[in-house]
$ cat target.csv   # CSV, N, CA and C atoms
chain,number,residue,atom,x,y,z
Q,1,MET,N,-3.2,-16.0,-1.6
Q,1,MET,CA,-2.8,-14.6,-1.8
Q,1,MET,C,-3.5,-13.7,-0.6
Q,2,GLU,N,-4.7,-14.1,-0.2
Q,2,GLU,CA,-5.4,-13.3,0.8
Q,2,GLU,C,-4.6,-13.3,2.1
Q,3,LYS,N,-4.0,-14.4,2.5
Q,3,LYS,CA,-3.2,-14.4,3.7
Q,3,LYS,C,-2.0,-13.4,3.6
Q,4,LYS,N,-1.4,-13.4,2.5
Q,4,LYS,CA,-0.2,-12.5,2.3
Q,4,LYS,C,-0.7,-11.0,2.4
Q,5,TYR,N,-1.9,-10.7,1.8
Q,5,TYR,CA,-2.4,-9.4,1.9
Q,5,TYR,C,-2.7,-9.0,3.4
Q,6,ILE,N,-3.4,-9.9,4.1
Q,6,ILE,CA,-3.8,-9.6,5.5
Q,6,ILE,C,-2.6,-9.4,6.4
Q,7,ILE,N,-1.6,-10.3,6.2
Q,7,ILE,CA,-0.3,-10.2,7.0
Q,7,ILE,C,0.4,-8.8,6.7
Q,8,SER,N,0.5,-8.5,5.4
Q,8,SER,CA,1.1,-7.2,5.0
Q,8,SER,C,0.3,-6.1,5.6
Q,9,ALA,N,-1.0,-6.1,5.5
Q,9,ALA,CA,-1.9,-5.0,6.0
Q,9,ALA,C,-1.6,-4.8,7.5
Q,10,LEU,N,-1.5,-5.9,8.3
Q,10,LEU,CA,-1.3,-5.8,9.7
Q,10,LEU,C,0.1,-5.3,10.0
Q,11,ILE,N,1.1,-5.6,9.2
Q,11,ILE,CA,2.5,-5.0,9.3
Q,11,ILE,C,2.4,-3.5,9.1
Q,12,TYR,N,1.7,-3.1,8.0
Q,12,TYR,CA,1.5,-1.7,7.8
Q,12,TYR,C,0.8,-1.0,9.0
Q,13,ALA,N,-0.2,-1.6,9.5
Q,13,ALA,CA,-0.9,-1.0,10.6
Q,13,ALA,C,0.0,-0.8,11.8
Q,14,LEU,N,0.8,-1.8,12.1
Q,14,LEU,CA,1.8,-1.7,13.2
Q,14,LEU,C,2.8,-0.6,13.0
Q,15,ALA,N,3.3,-0.5,11.7
Q,15,ALA,CA,4.2,0.5,11.4
Q,15,ALA,C,3.6,1.9,11.5
Q,16,GLY,N,2.4,2.0,11.1
Q,16,GLY,CA,1.6,3.3,11.2
Q,16,GLY,C,1.4,3.7,12.6
Q,17,LEU,N,1.0,2.7,13.4
Q,17,LEU,CA,0.7,3.0,14.8
Q,17,LEU,C,2.0,3.4,15.5
Q,18,VAL,N,3.1,2.8,15.2
Q,18,VAL,CA,4.4,3.1,15.8
Q,18,VAL,C,4.8,4.6,15.4
Q,19,LEU,N,4.7,4.9,14.1
Q,19,LEU,CA,5.0,6.2,13.7
Q,19,LEU,C,4.1,7.3,14.3
Q,20,GLY,N,2.8,7.0,14.4
Q,20,GLY,CA,1.9,7.9,15.1
Q,20,GLY,C,2.3,8.1,16.5
Q,21,THR,N,2.6,7.1,17.2
Q,21,THR,CA,3.0,7.2,18.6
Q,21,THR,C,4.3,8.0,18.8
Q,22,ILE,N,5.3,7.8,17.9
Q,22,ILE,CA,6.5,8.6,17.9
Q,22,ILE,C,6.2,10.0,17.7
Q,23,MET,N,5.3,10.3,16.7
Q,23,MET,CA,5.0,11.7,16.4
Q,23,MET,C,4.3,12.3,17.7
Q,24,ALA,N,3.4,11.6,18.3
Q,24,ALA,CA,2.7,12.2,19.5
Q,24,ALA,C,3.7,12.4,20.6
Q,25,ALA,N,4.5,11.4,20.9
Q,25,ALA,CA,5.5,11.6,22.0
Q,25,ALA,C,6.5,12.7,21.8
Q,26,SER,N,6.9,12.9,20.5
Q,26,SER,CA,7.9,13.9,20.2
Q,26,SER,C,7.3,15.3,20.0
Q,27,LYS,N,5.9,15.3,19.8
Q,27,LYS,CA,5.2,16.5,19.4
Q,27,LYS,C,5.7,17.1,18.1
Q,28,ASN,N,6.3,16.2,17.3
Q,28,ASN,CA,6.8,16.6,15.9
Q,28,ASN,C,5.9,15.8,14.9
Q,29,HIS,N,5.0,16.5,14.2
Q,29,HIS,CA,4.1,15.9,13.3
Q,29,HIS,C,4.4,16.0,11.9
Q,30,ASN,N,5.7,16.2,11.6
Q,30,ASN,CA,6.2,16.4,10.2
Q,30,ASN,C,5.8,15.2,9.3
Q,31,GLN,N,5.7,14.0,9.9
Q,31,GLN,CA,5.5,12.8,9.1
Q,31,GLN,C,4.0,12.4,9.1
Q,32,MET,N,3.1,13.4,9.3
Q,32,MET,CA,1.7,13.1,9.3
Q,32,MET,C,1.2,12.6,7.9
Q,33,VAL,N,1.7,13.1,6.8
Q,33,VAL,CA,1.3,12.6,5.5
Q,33,VAL,C,1.8,11.1,5.3
Q,34,THR,N,3.0,10.9,5.8
Q,34,THR,CA,3.6,9.5,5.7
Q,34,THR,C,2.7,8.6,6.5
Q,35,HIS,N,2.4,9.0,7.7
Q,35,HIS,CA,1.5,8.2,8.6
Q,35,HIS,C,0.2,7.9,8.0
Q,36,ALA,N,-0.5,8.9,7.4
Q,36,ALA,CA,-1.8,8.7,6.7
Q,36,ALA,C,-1.7,7.7,5.6
Q,37,HIS,N,-0.6,7.8,4.8
Q,37,HIS,CA,-0.4,6.9,3.7
Q,37,HIS,C,-0.1,5.5,4.1
Q,38,ILE,N,0.6,5.3,5.2
Q,38,ILE,CA,0.8,4.0,5.8
Q,38,ILE,C,-0.5,3.4,6.2
Q,39,MET,N,-1.3,4.2,6.9
Q,39,MET,CA,-2.6,3.6,7.4
Q,39,MET,C,-3.6,3.4,6.3
Q,40,LEU,N,-3.7,4.3,5.3
Q,40,LEU,CA,-4.7,4.1,4.3
Q,40,LEU,C,-4.3,3.2,3.1
Q,41,LEU,N,-3.2,3.6,2.5
Q,41,LEU,CA,-2.7,2.8,1.4
Q,41,LEU,C,-2.1,1.5,1.9
Q,42,GLY,N,-1.3,1.5,2.9
Q,42,GLY,CA,-0.7,0.3,3.4
Q,42,GLY,C,-1.7,-0.6,4.1
Q,43,PHE,N,-2.4,-0.1,5.1
Q,43,PHE,CA,-3.2,-0.9,5.9
Q,43,PHE,C,-4.6,-1.1,5.3
Q,44,VAL,N,-5.4,-0.1,5.1
Q,44,VAL,CA,-6.8,-0.2,4.6
Q,44,VAL,C,-6.9,-0.8,3.2
Q,45,ILE,N,-6.2,-0.3,2.2
Q,45,ILE,CA,-6.3,-0.8,0.9
Q,45,ILE,C,-5.8,-2.2,0.8
Q,46,THR,N,-4.7,-2.5,1.4
Q,46,THR,CA,-4.1,-3.8,1.4
Q,46,THR,C,-5.1,-4.8,2.1
Q,47,PHE,N,-5.7,-4.4,3.2
Q,47,PHE,CA,-6.6,-5.3,3.9
Q,47,PHE,C,-7.9,-5.5,3.0
Q,48,CYS,N,-8.3,-4.5,2.3
Q,48,CYS,CA,-9.5,-4.6,1.4
Q,48,CYS,C,-9.2,-5.6,0.3
Q,49,TYR,N,-7.9,-5.5,-0.3
Q,49,TYR,CA,-7.6,-6.5,-1.3
Q,49,TYR,C,-7.6,-7.9,-0.8
Q,50,GLY,N,-7.1,-8.1,0.5
Q,50,GLY,CA,-7.2,-9.5,1.1
Q,50,GLY,C,-8.6,-10.0,1.2
Q,51,ILE,N,-9.5,-9.1,1.6
Q,51,ILE,CA,-10.9,-9.5,1.7
Q,51,ILE,C,-11.5,-9.8,0.4
Q,52,CYS,N,-11.2,-9.0,-0.6
Q,52,CYS,CA,-11.7,-9.3,-2.0
Q,52,CYS,C,-11.3,-10.6,-2.5
Q,53,TYR,N,-10.0,-11.0,-2.3
Q,53,TYR,CA,-9.5,-12.3,-2.7
Q,53,TYR,C,-10.2,-13.4,-1.9
Q,54,LYS,N,-10.3,-13.2,-0.6
Q,54,LYS,CA,-10.9,-14.2,0.2
Q,54,LYS,C,-12.3,-14.5,-0.1
Q,55,LEU,N,-13.1,-13.4,-0.3
Q,55,LEU,CA,-14.5,-13.6,-0.5
Q,55,LEU,C,-15.0,-13.8,-1.9
Q,56,TRP,N,-14.3,-13.1,-2.9
Q,56,TRP,CA,-14.9,-13.1,-4.2
Q,56,TRP,C,-14.0,-13.5,-5.4
Q,57,VAL,N,-12.8,-13.1,-5.4
Q,57,VAL,CA,-11.9,-13.5,-6.6
Q,57,VAL,C,-11.6,-15.0,-6.6
Q,58,GLU,N,-12.0,-15.6,-7.6
Q,58,GLU,CA,-11.9,-17.1,-7.7
Q,58,GLU,C,-10.5,-17.7,-7.7
Q,59,ASP,N,-9.6,-17.1,-8.4
Q,59,ASP,CA,-8.2,-17.7,-8.5
Q,59,ASP,C,-7.2,-16.7,-8.0
Q,60,SER,N,-7.0,-16.8,-6.7
Q,60,SER,CA,-6.1,-15.8,-6.0
Q,60,SER,C,-4.7,-16.2,-6.2
Q,61,GLN,N,-4.4,-17.3,-6.8
Q,61,GLN,CA,-3.0,-17.8,-7.1
Q,61,GLN,C,-2.6,-17.6,-8.5
Q,62,SER,N,-3.4,-16.9,-9.3
Q,62,SER,CA,-3.1,-16.8,-10.7
Q,62,SER,C,-1.9,-15.8,-10.9
Q,63,LYS,N,-1.3,-15.8,-12.1
Q,63,LYS,CA,-0.2,-14.9,-12.4
Q,63,LYS,C,-0.6,-13.5,-12.3
Q,64,LEU,N,-1.8,-13.2,-12.7
Q,64,LEU,CA,-2.3,-11.8,-12.6
Q,64,LEU,C,-2.5,-11.4,-11.2
Q,65,ALA,N,-3.0,-12.3,-10.3
Q,65,ALA,CA,-3.1,-12.0,-8.9
Q,65,ALA,C,-1.7,-11.7,-8.2
Q,66,LYS,N,-0.8,-12.5,-8.6
Q,66,LYS,CA,0.6,-12.4,-8.1
Q,66,LYS,C,1.2,-11.1,-8.6
Q,67,LEU,N,1.0,-10.7,-9.8
Q,67,LEU,CA,1.5,-9.5,-10.4
Q,67,LEU,C,0.9,-8.3,-9.7
Q,68,GLN,N,-0.4,-8.4,-9.4
Q,68,GLN,CA,-1.1,-7.3,-8.7
Q,68,GLN,C,-0.6,-7.2,-7.3
Q,69,PHE,N,-0.3,-8.2,-6.6
Q,69,PHE,CA,0.3,-8.2,-5.3
Q,69,PHE,C,1.6,-7.5,-5.3
Q,70,ILE,N,2.5,-7.9,-6.2
Q,70,ILE,CA,3.8,-7.4,-6.3
Q,70,ILE,C,3.8,-5.9,-6.6
Q,71,LEU,N,3.0,-5.5,-7.6
Q,71,LEU,CA,2.9,-4.1,-8.0
Q,71,LEU,C,2.4,-3.2,-6.8
Q,72,HIS,N,1.4,-3.7,-6.1
Q,72,HIS,CA,0.8,-3.0,-5.0
Q,72,HIS,C,1.9,-2.8,-3.9
Q,73,GLN,N,2.5,-3.9,-3.5
Q,73,GLN,CA,3.4,-3.9,-2.4
Q,73,GLN,C,4.7,-3.1,-2.7
Q,74,LEU,N,5.2,-3.3,-3.9
Q,74,LEU,CA,6.4,-2.5,-4.3
Q,74,LEU,C,6.1,-1.1,-4.4
Q,75,GLY,N,5.0,-0.7,-5.1
Q,75,GLY,CA,4.6,0.7,-5.2
Q,75,GLY,C,4.3,1.3,-3.9
Q,76,THR,N,3.7,0.6,-3.0
Q,76,THR,CA,3.3,1.2,-1.7
Q,76,THR,C,4.6,1.4,-0.9
Q,77,LEU,N,5.5,0.4,-0.8
Q,77,LEU,CA,6.7,0.6,-0.1
Q,77,LEU,C,7.6,1.7,-0.6
Q,78,MET,N,7.7,1.8,-1.9
Q,78,MET,CA,8.5,2.9,-2.5
Q,78,MET,C,7.9,4.2,-2.2
Q,79,MET,N,6.6,4.3,-2.2
Q,79,MET,CA,5.9,5.6,-1.9
Q,79,MET,C,6.1,6.0,-0.5
Q,80,LEU,N,6.0,5.0,0.4
Q,80,LEU,CA,6.1,5.3,1.8
Q,80,LEU,C,7.5,5.7,2.2
Q,81,ILE,N,8.5,5.0,1.6
Q,81,ILE,CA,9.9,5.4,1.8
Q,81,ILE,C,10.2,6.8,1.3
Q,82,GLY,N,9.7,7.1,0.1
Q,82,GLY,CA,9.8,8.4,-0.5
Q,82,GLY,C,9.2,9.5,0.4
Q,83,LEU,N,8.0,9.3,0.8
Q,83,LEU,CA,7.3,10.2,1.7
Q,83,LEU,C,8.1,10.5,3.0
Q,84,TYR,N,8.6,9.4,3.6
Q,84,TYR,CA,9.3,9.5,4.8
Q,84,TYR,C,10.6,10.3,4.6
Q,85,LEU,N,11.3,10.1,3.5
Q,85,LEU,CA,12.5,10.8,3.2
Q,85,LEU,C,12.2,12.3,2.9
Q,86,MET,N,11.1,12.5,2.2
Q,86,MET,CA,10.7,13.9,1.8
Q,86,MET,C,10.3,14.7,3.1
Q,87,TYR,N,9.3,14.2,3.8
Q,87,TYR,CA,8.8,14.9,5.0
Q,87,TYR,C,9.8,14.9,6.1
Q,88,GLY,N,10.7,14.0,6.1
Q,88,GLY,CA,11.8,14.1,7.2
Q,88,GLY,C,12.9,15.0,6.7
Q,89,LYS,N,12.8,15.6,5.5
Q,89,LYS,CA,13.8,16.5,5.0
Q,89,LYS,C,15.2,15.8,4.9
Q,90,LEU,N,15.1,14.5,4.6
Q,90,LEU,CA,16.4,13.8,4.5
Q,90,LEU,C,16.9,13.8,3.1
Q,91,VAL,N,16.0,13.9,2.1
Q,91,VAL,CA,16.3,14.0,0.7
Q,91,VAL,C,15.5,15.1,0.0
Q,92,ASP,N,16.0,15.9,-0.9
Q,92,ASP,CA,15.3,16.9,-1.5
Q,92,ASP,C,14.2,16.3,-2.4
Q,93,ALA,N,13.0,17.0,-2.3
Q,93,ALA,CA,11.8,16.5,-3.0
Q,93,ALA,C,12.0,16.3,-4.5
Q,94,ASP,N,12.8,17.2,-5.1
Q,94,ASP,CA,13.1,17.1,-6.5
Q,94,ASP,C,13.8,15.8,-6.9
Q,95,LYS,N,14.7,15.3,-6.0
Q,95,LYS,CA,15.4,14.1,-6.3
Q,95,LYS,C,14.5,12.8,-6.1
Q,96,LEU,N,13.4,13.0,-5.3
Q,96,LEU,CA,12.5,11.9,-5.1
Q,96,LEU,C,11.4,11.8,-6.1
Q,97,GLU,N,11.3,12.8,-6.9
Q,97,GLU,CA,10.2,12.9,-7.9
Q,97,GLU,C,10.0,11.6,-8.8
Q,98,PRO,N,11.1,11.1,-9.4
Q,98,PRO,CA,11.0,9.9,-10.2
Q,98,PRO,C,10.5,8.7,-9.4
Q,99,MET,N,11.0,8.6,-8.2
Q,99,MET,CA,10.6,7.4,-7.3
Q,99,MET,C,9.1,7.6,-7.0
Q,100,MET,N,8.7,8.8,-6.6
Q,100,MET,CA,7.3,9.0,-6.2
Q,100,MET,C,6.4,8.8,-7.4
Q,101,ALA,N,6.8,9.2,-8.6
Q,101,ALA,CA,5.9,9.1,-9.8
Q,101,ALA,C,5.8,7.6,-10.2
Q,102,SER,N,6.9,6.9,-10.2
Q,102,SER,CA,6.8,5.5,-10.5
Q,102,SER,C,6.1,4.6,-9.5
Q,103,SER,N,6.2,5.0,-8.2
Q,103,SER,CA,5.5,4.2,-7.2
Q,103,SER,C,4.0,4.5,-7.3
Q,104,SER,N,3.6,5.7,-7.7
Q,104,SER,CA,2.2,6.0,-7.9
Q,104,SER,C,1.6,5.3,-9.0
Q,105,VAL,N,2.4,5.2,-10.1
Q,105,VAL,CA,1.9,4.4,-11.3
Q,105,VAL,C,1.7,2.9,-10.9
Q,106,MET,N,2.7,2.4,-10.2
Q,106,MET,CA,2.6,1.0,-9.7
Q,106,MET,C,1.3,0.7,-8.9
Q,107,VAL,N,1.0,1.6,-8.0
Q,107,VAL,CA,-0.2,1.5,-7.1
Q,107,VAL,C,-1.4,1.6,-8.0
Q,108,ILE,N,-1.4,2.5,-8.9
Q,108,ILE,CA,-2.6,2.7,-9.8
Q,108,ILE,C,-2.8,1.5,-10.7
Q,109,ILE,N,-1.8,0.9,-11.2
Q,109,ILE,CA,-1.9,-0.3,-12.0
Q,109,ILE,C,-2.4,-1.4,-11.2
Q,110,GLY,N,-1.8,-1.5,-10.0
Q,110,GLY,CA,-2.3,-2.6,-9.0
Q,110,GLY,C,-3.8,-2.5,-8.8
Q,111,MET,N,-4.3,-1.2,-8.6
Q,111,MET,CA,-5.7,-1.0,-8.4
Q,111,MET,C,-6.5,-1.4,-9.6
Q,112,ALA,N,-6.0,-1.0,-10.8
Q,112,ALA,CA,-6.7,-1.4,-12.1
Q,112,ALA,C,-6.7,-2.9,-12.2
Q,113,LEU,N,-5.7,-3.6,-11.9
Q,113,LEU,CA,-5.7,-5.1,-12.0
Q,113,LEU,C,-6.7,-5.7,-11.0
Q,114,MET,N,-6.8,-5.1,-9.8
Q,114,MET,CA,-7.8,-5.6,-8.8
Q,114,MET,C,-9.2,-5.4,-9.4
Q,115,LEU,N,-9.4,-4.2,-10.0
Q,115,LEU,CA,-10.7,-4.0,-10.6
Q,115,LEU,C,-11.0,-5.0,-11.7
Q,116,PHE,N,-10.1,-5.2,-12.6
Q,116,PHE,CA,-10.2,-6.2,-13.7
Q,116,PHE,C,-10.6,-7.5,-13.1
Q,117,GLN,N,-9.8,-8.0,-12.1
Q,117,GLN,CA,-10.1,-9.3,-11.5
Q,117,GLN,C,-11.5,-9.4,-10.9
Q,118,PHE,N,-11.8,-8.3,-10.2
Q,118,PHE,CA,-13.1,-8.3,-9.5
Q,118,PHE,C,-14.3,-8.3,-10.5
Q,119,ILE,N,-14.1,-7.6,-11.7
Q,119,ILE,CA,-15.2,-7.6,-12.7
Q,119,ILE,C,-15.2,-9.0,-13.4
Q,120,PHE,N,-14.1,-9.5,-13.8
Q,120,PHE,CA,-14.1,-10.7,-14.7
Q,120,PHE,C,-13.8,-12.0,-14.0
Q,121,ARG,N,-13.3,-12.0,-12.8
Q,121,ARG,CA,-12.9,-13.2,-12.1
Q,121,ARG,C,-13.6,-13.5,-10.8
Q,122,ALA,N,-14.5,-12.5,-10.4
Q,122,ALA,CA,-15.1,-12.7,-9.1
Q,122,ALA,C,-16.4,-13.5,-9.2
Q,123,GLN,N,-16.6,-14.2,-8.1
Q,123,GLN,CA,-17.9,-15.0,-8.0
Q,123,GLN,C,-19.0,-14.0,-7.9
Q,124,LYS,N,-20.2,-14.4,-8.3
Q,124,LYS,CA,-21.3,-13.5,-8.2
Q,124,LYS,C,-21.6,-13.2,-6.7
Q,125,ILE,N,-21.9,-11.9,-6.6
Q,125,ILE,CA,-22.1,-11.4,-5.2
Q,125,ILE,C,-23.6,-11.5,-4.9
$ encode --input "target.csv" --output "C-alpha cells"
Amino acid sequence: MEKKYIISALIYALAGLVLGTIMAASKNHNQMVTHAHIMLLGFVITFCYGICYKLWVEDSQSKLAKLQFILHQLGTLMMLIGLYLMYGKLVDADKLEPMMASSSVMVIIGMALMLFQFIFRAQKI
C-alpha cells in the first residue's frame, strides 16, 4: 500500500506544480485554493500516509488499509475536481455542494481510519 501512496503523492505534486506554473505564467491566480489543496491534501497527506504504512502500520494490505486508501483517493479527487470547477467558475458552487460535502466526509473517514490503524495496528515507535 505504501508504494501506491507514494506514487499517488508524486502525481499530485506534479499536478500541483503544473497548476502553479500555469497560474504564474497567466498571472491568473483564481485556482490558488485548488493548488493549495492539491499540494497539501493530495501530496503532503498522501505522502505521510505512505510513510506511516512503510514505517509503522504492520498490515498495509488489510481490507481496512485498502478501504482507507480508496476513501482518501476518491474523496481527494472529488474535492479537487469540485474546487477546480468552482474556482474556475465552470459550475455554480450551489450545484457542487453535495459533491464537496461527500468528498470532505470521505477524506475525514480516511483520516479516522488511518488514526485507528496507527493506534491499534502500528508497531511500537
$ residues_around --input "target.csv" --residues "range 46-48 of chain Q" --least-positions-apart "5" --cutoff "6 Å" --atoms "all atoms listed in the file" --output "MDAnalysis selection string"
chainID Q and resid 5:6 9 40:41
$ closest_residue --input "target.csv" --among "Q:Tyr87, Q:Gln73, Q:Lys3, Q:Met100" --to "Met32 in chain Q" --atoms "only N, CA and C atoms"
Q:Tyr87
$ select_by_dssp --input "target.csv" --residues "range 13-44 of chain Q" --states "alpha helix (DSSP H)" --output "JSON, numbers by chain"
{"Q": [13, 14, 15, 16, 17, 18, 19, 20, 21, 22, 23, 24, 25, 26, 32, 33, 34, 35, 36, 37]}
$ write_last_selection --input "target.csv" --atoms "N, CA and C atoms" --output "PDB file, keeping the file's coordinate frame"
ATOM      1  N   ALA Q  13      -0.200  -1.600   9.500  1.00  0.00           N
ATOM      2  CA  ALA Q  13      -0.900  -1.000  10.600  1.00  0.00           C
ATOM      3  C   ALA Q  13       0.000  -0.800  11.800  1.00  0.00           C
ATOM      4  N   LEU Q  14       0.800  -1.800  12.100  1.00  0.00           N
ATOM      5  CA  LEU Q  14       1.800  -1.700  13.200  1.00  0.00           C
ATOM      6  C   LEU Q  14       2.800  -0.600  13.000  1.00  0.00           C
ATOM      7  N   ALA Q  15       3.300  -0.500  11.700  1.00  0.00           N
ATOM      8  CA  ALA Q  15       4.200   0.500  11.400  1.00  0.00           C
ATOM      9  C   ALA Q  15       3.600   1.900  11.500  1.00  0.00           C
ATOM     10  N   GLY Q  16       2.400   2.000  11.100  1.00  0.00           N
ATOM     11  CA  GLY Q  16       1.600   3.300  11.200  1.00  0.00           C
ATOM     12  C   GLY Q  16       1.400   3.700  12.600  1.00  0.00           C
ATOM     13  N   LEU Q  17       1.000   2.700  13.400  1.00  0.00           N
ATOM     14  CA  LEU Q  17       0.700   3.000  14.800  1.00  0.00           C
ATOM     15  C   LEU Q  17       2.000   3.400  15.500  1.00  0.00           C
ATOM     16  N   VAL Q  18       3.100   2.800  15.200  1.00  0.00           N
ATOM     17  CA  VAL Q  18       4.400   3.100  15.800  1.00  0.00           C
ATOM     18  C   VAL Q  18       4.800   4.600  15.400  1.00  0.00           C
ATOM     19  N   LEU Q  19       4.700   4.900  14.100  1.00  0.00           N
ATOM     20  CA  LEU Q  19       5.000   6.200  13.700  1.00  0.00           C
ATOM     21  C   LEU Q  19       4.100   7.300  14.300  1.00  0.00           C
ATOM     22  N   GLY Q  20       2.800   7.000  14.400  1.00  0.00           N
ATOM     23  CA  GLY Q  20       1.900   7.900  15.100  1.00  0.00           C
ATOM     24  C   GLY Q  20       2.300   8.100  16.500  1.00  0.00           C
ATOM     25  N   THR Q  21       2.600   7.100  17.200  1.00  0.00           N
ATOM     26  CA  THR Q  21       3.000   7.200  18.600  1.00  0.00           C
ATOM     27  C   THR Q  21       4.300   8.000  18.800  1.00  0.00           C
ATOM     28  N   ILE Q  22       5.300   7.800  17.900  1.00  0.00           N
ATOM     29  CA  ILE Q  22       6.500   8.600  17.900  1.00  0.00           C
ATOM     30  C   ILE Q  22       6.200  10.000  17.700  1.00  0.00           C
ATOM     31  N   MET Q  23       5.300  10.300  16.700  1.00  0.00           N
ATOM     32  CA  MET Q  23       5.000  11.700  16.400  1.00  0.00           C
ATOM     33  C   MET Q  23       4.300  12.300  17.700  1.00  0.00           C
ATOM     34  N   ALA Q  24       3.400  11.600  18.300  1.00  0.00           N
ATOM     35  CA  ALA Q  24       2.700  12.200  19.500  1.00  0.00           C
ATOM     36  C   ALA Q  24       3.700  12.400  20.600  1.00  0.00           C
ATOM     37  N   ALA Q  25       4.500  11.400  20.900  1.00  0.00           N
ATOM     38  CA  ALA Q  25       5.500  11.600  22.000  1.00  0.00           C
ATOM     39  C   ALA Q  25       6.500  12.700  21.800  1.00  0.00           C
ATOM     40  N   SER Q  26       6.900  12.900  20.500  1.00  0.00           N
ATOM     41  CA  SER Q  26       7.900  13.900  20.200  1.00  0.00           C
ATOM     42  C   SER Q  26       7.300  15.300  20.000  1.00  0.00           C
ATOM     43  N   MET Q  32       3.100  13.400   9.300  1.00  0.00           N
ATOM     44  CA  MET Q  32       1.700  13.100   9.300  1.00  0.00           C
ATOM     45  C   MET Q  32       1.200  12.600   7.900  1.00  0.00           C
ATOM     46  N   VAL Q  33       1.700  13.100   6.800  1.00  0.00           N
ATOM     47  CA  VAL Q  33       1.300  12.600   5.500  1.00  0.00           C
ATOM     48  C   VAL Q  33       1.800  11.100   5.300  1.00  0.00           C
ATOM     49  N   THR Q  34       3.000  10.900   5.800  1.00  0.00           N
ATOM     50  CA  THR Q  34       3.600   9.500   5.700  1.00  0.00           C
ATOM     51  C   THR Q  34       2.700   8.600   6.500  1.00  0.00           C
ATOM     52  N   HIS Q  35       2.400   9.000   7.700  1.00  0.00           N
ATOM     53  CA  HIS Q  35       1.500   8.200   8.600  1.00  0.00           C
ATOM     54  C   HIS Q  35       0.200   7.900   8.000  1.00  0.00           C
ATOM     55  N   ALA Q  36      -0.500   8.900   7.400  1.00  0.00           N
ATOM     56  CA  ALA Q  36      -1.800   8.700   6.700  1.00  0.00           C
ATOM     57  C   ALA Q  36      -1.700   7.700   5.600  1.00  0.00           C
ATOM     58  N   HIS Q  37      -0.600   7.800   4.800  1.00  0.00           N
ATOM     59  CA  HIS Q  37      -0.400   6.900   3.700  1.00  0.00           C
ATOM     60  C   HIS Q  37      -0.100   5.500   4.100  1.00  0.00           C
TER      61      HIS Q  37
END
$ closest_residue --input "target.csv" --among "Q:Ala13, Q:Val57, Q:Ile7, Q:Met86" --to "Asn30 in chain Q" --atoms "only N, CA and C atoms"
Q:Met86
$ closest_residue --input "target.csv" --among "Q:Gly75, Q:Gly16, Q:Gly42, Q:Gly88" --to "Val107 in chain Q" --atoms "only C-alpha atoms"
Q:Gly75
$ closest_residue --input "target.csv" --among "Q:Leu71, Q:Ile45, Q:Leu14, Q:Ala24" --to "Ile108 in chain Q" --atoms "all atoms listed in the file"
Q:Leu71
$ atom_distance --input "target.csv" --atom1 "atom N of Arg121 in chain Q" --atom2 "atom N of Glu58 in chain Q"
6.5 Å
$ residues_around --input "target.csv" --residues "range 60-66 of chain Q" --least-positions-apart "3" --cutoff "8 Å" --atoms "all atoms listed in the file" --output "JSON, numbers by chain"
{"Q": [1, 2, 53, 54, 56, 57, 69, 70, 71, 72, 113, 114, 117]}
$ write_last_selection --input "target.csv" --atoms "N, CA and C atoms" --output "mmCIF file, in the coordinates of the input"
data_model
loop_
_atom_site.group_PDB
_atom_site.id
_atom_site.type_symbol
_atom_site.label_atom_id
_atom_site.label_comp_id
_atom_site.auth_asym_id
_atom_site.auth_seq_id
_atom_site.Cartn_x
_atom_site.Cartn_y
_atom_site.Cartn_z
ATOM 1 N N MET Q 1 -3.200 -16.000 -1.600
ATOM 2 C CA MET Q 1 -2.800 -14.600 -1.800
ATOM 3 C C MET Q 1 -3.500 -13.700 -0.600
ATOM 4 N N GLU Q 2 -4.700 -14.100 -0.200
ATOM 5 C CA GLU Q 2 -5.400 -13.300 0.800
ATOM 6 C C GLU Q 2 -4.600 -13.300 2.100
ATOM 7 N N TYR Q 53 -10.000 -11.000 -2.300
ATOM 8 C CA TYR Q 53 -9.500 -12.300 -2.700
ATOM 9 C C TYR Q 53 -10.200 -13.400 -1.900
ATOM 10 N N LYS Q 54 -10.300 -13.200 -0.600
ATOM 11 C CA LYS Q 54 -10.900 -14.200 0.200
ATOM 12 C C LYS Q 54 -12.300 -14.500 -0.100
ATOM 13 N N TRP Q 56 -14.300 -13.100 -2.900
ATOM 14 C CA TRP Q 56 -14.900 -13.100 -4.200
ATOM 15 C C TRP Q 56 -14.000 -13.500 -5.400
ATOM 16 N N VAL Q 57 -12.800 -13.100 -5.400
ATOM 17 C CA VAL Q 57 -11.900 -13.500 -6.600
ATOM 18 C C VAL Q 57 -11.600 -15.000 -6.600
ATOM 19 N N PHE Q 69 -0.300 -8.200 -6.600
ATOM 20 C CA PHE Q 69 0.300 -8.200 -5.300
ATOM 21 C C PHE Q 69 1.600 -7.500 -5.300
ATOM 22 N N ILE Q 70 2.500 -7.900 -6.200
ATOM 23 C CA ILE Q 70 3.800 -7.400 -6.300
ATOM 24 C C ILE Q 70 3.800 -5.900 -6.600
ATOM 25 N N LEU Q 71 3.000 -5.500 -7.600
ATOM 26 C CA LEU Q 71 2.900 -4.100 -8.000
ATOM 27 C C LEU Q 71 2.400 -3.200 -6.800
ATOM 28 N N HIS Q 72 1.400 -3.700 -6.100
ATOM 29 C CA HIS Q 72 0.800 -3.000 -5.000
ATOM 30 C C HIS Q 72 1.900 -2.800 -3.900
ATOM 31 N N LEU Q 113 -5.700 -3.600 -11.900
ATOM 32 C CA LEU Q 113 -5.700 -5.100 -12.000
ATOM 33 C C LEU Q 113 -6.700 -5.700 -11.000
ATOM 34 N N MET Q 114 -6.800 -5.100 -9.800
ATOM 35 C CA MET Q 114 -7.800 -5.600 -8.800
ATOM 36 C C MET Q 114 -9.200 -5.400 -9.400
ATOM 37 N N GLN Q 117 -9.800 -8.000 -12.100
ATOM 38 C CA GLN Q 117 -10.100 -9.300 -11.500
ATOM 39 C C GLN Q 117 -11.500 -9.400 -10.900
#
$ atom_distance --input "target.csv" --atom1 "atom N of Met79 in chain Q" --atom2 "atom N of Ser103 in chain Q"
6.1 Å
$ closest_residue --input "target.csv" --among "Q:Met78, Q:Leu83, Q:Ala101, Q:Ile22" --to "Ala36 in chain Q" --atoms "only C-alpha atoms"
Q:Leu83
$ atom_distance --input "target.csv" --atom1 "atom N of Ser8 in chain Q" --atom2 "atom C of Lys89 in chain Q"
28.4 Å
$ closest_residue --input "target.csv" --among "Q:Gln31, Q:Met106, Q:Phe43, Q:His37" --to "Leu10 in chain Q" --atoms "all atoms listed in the file"
Q:Phe43
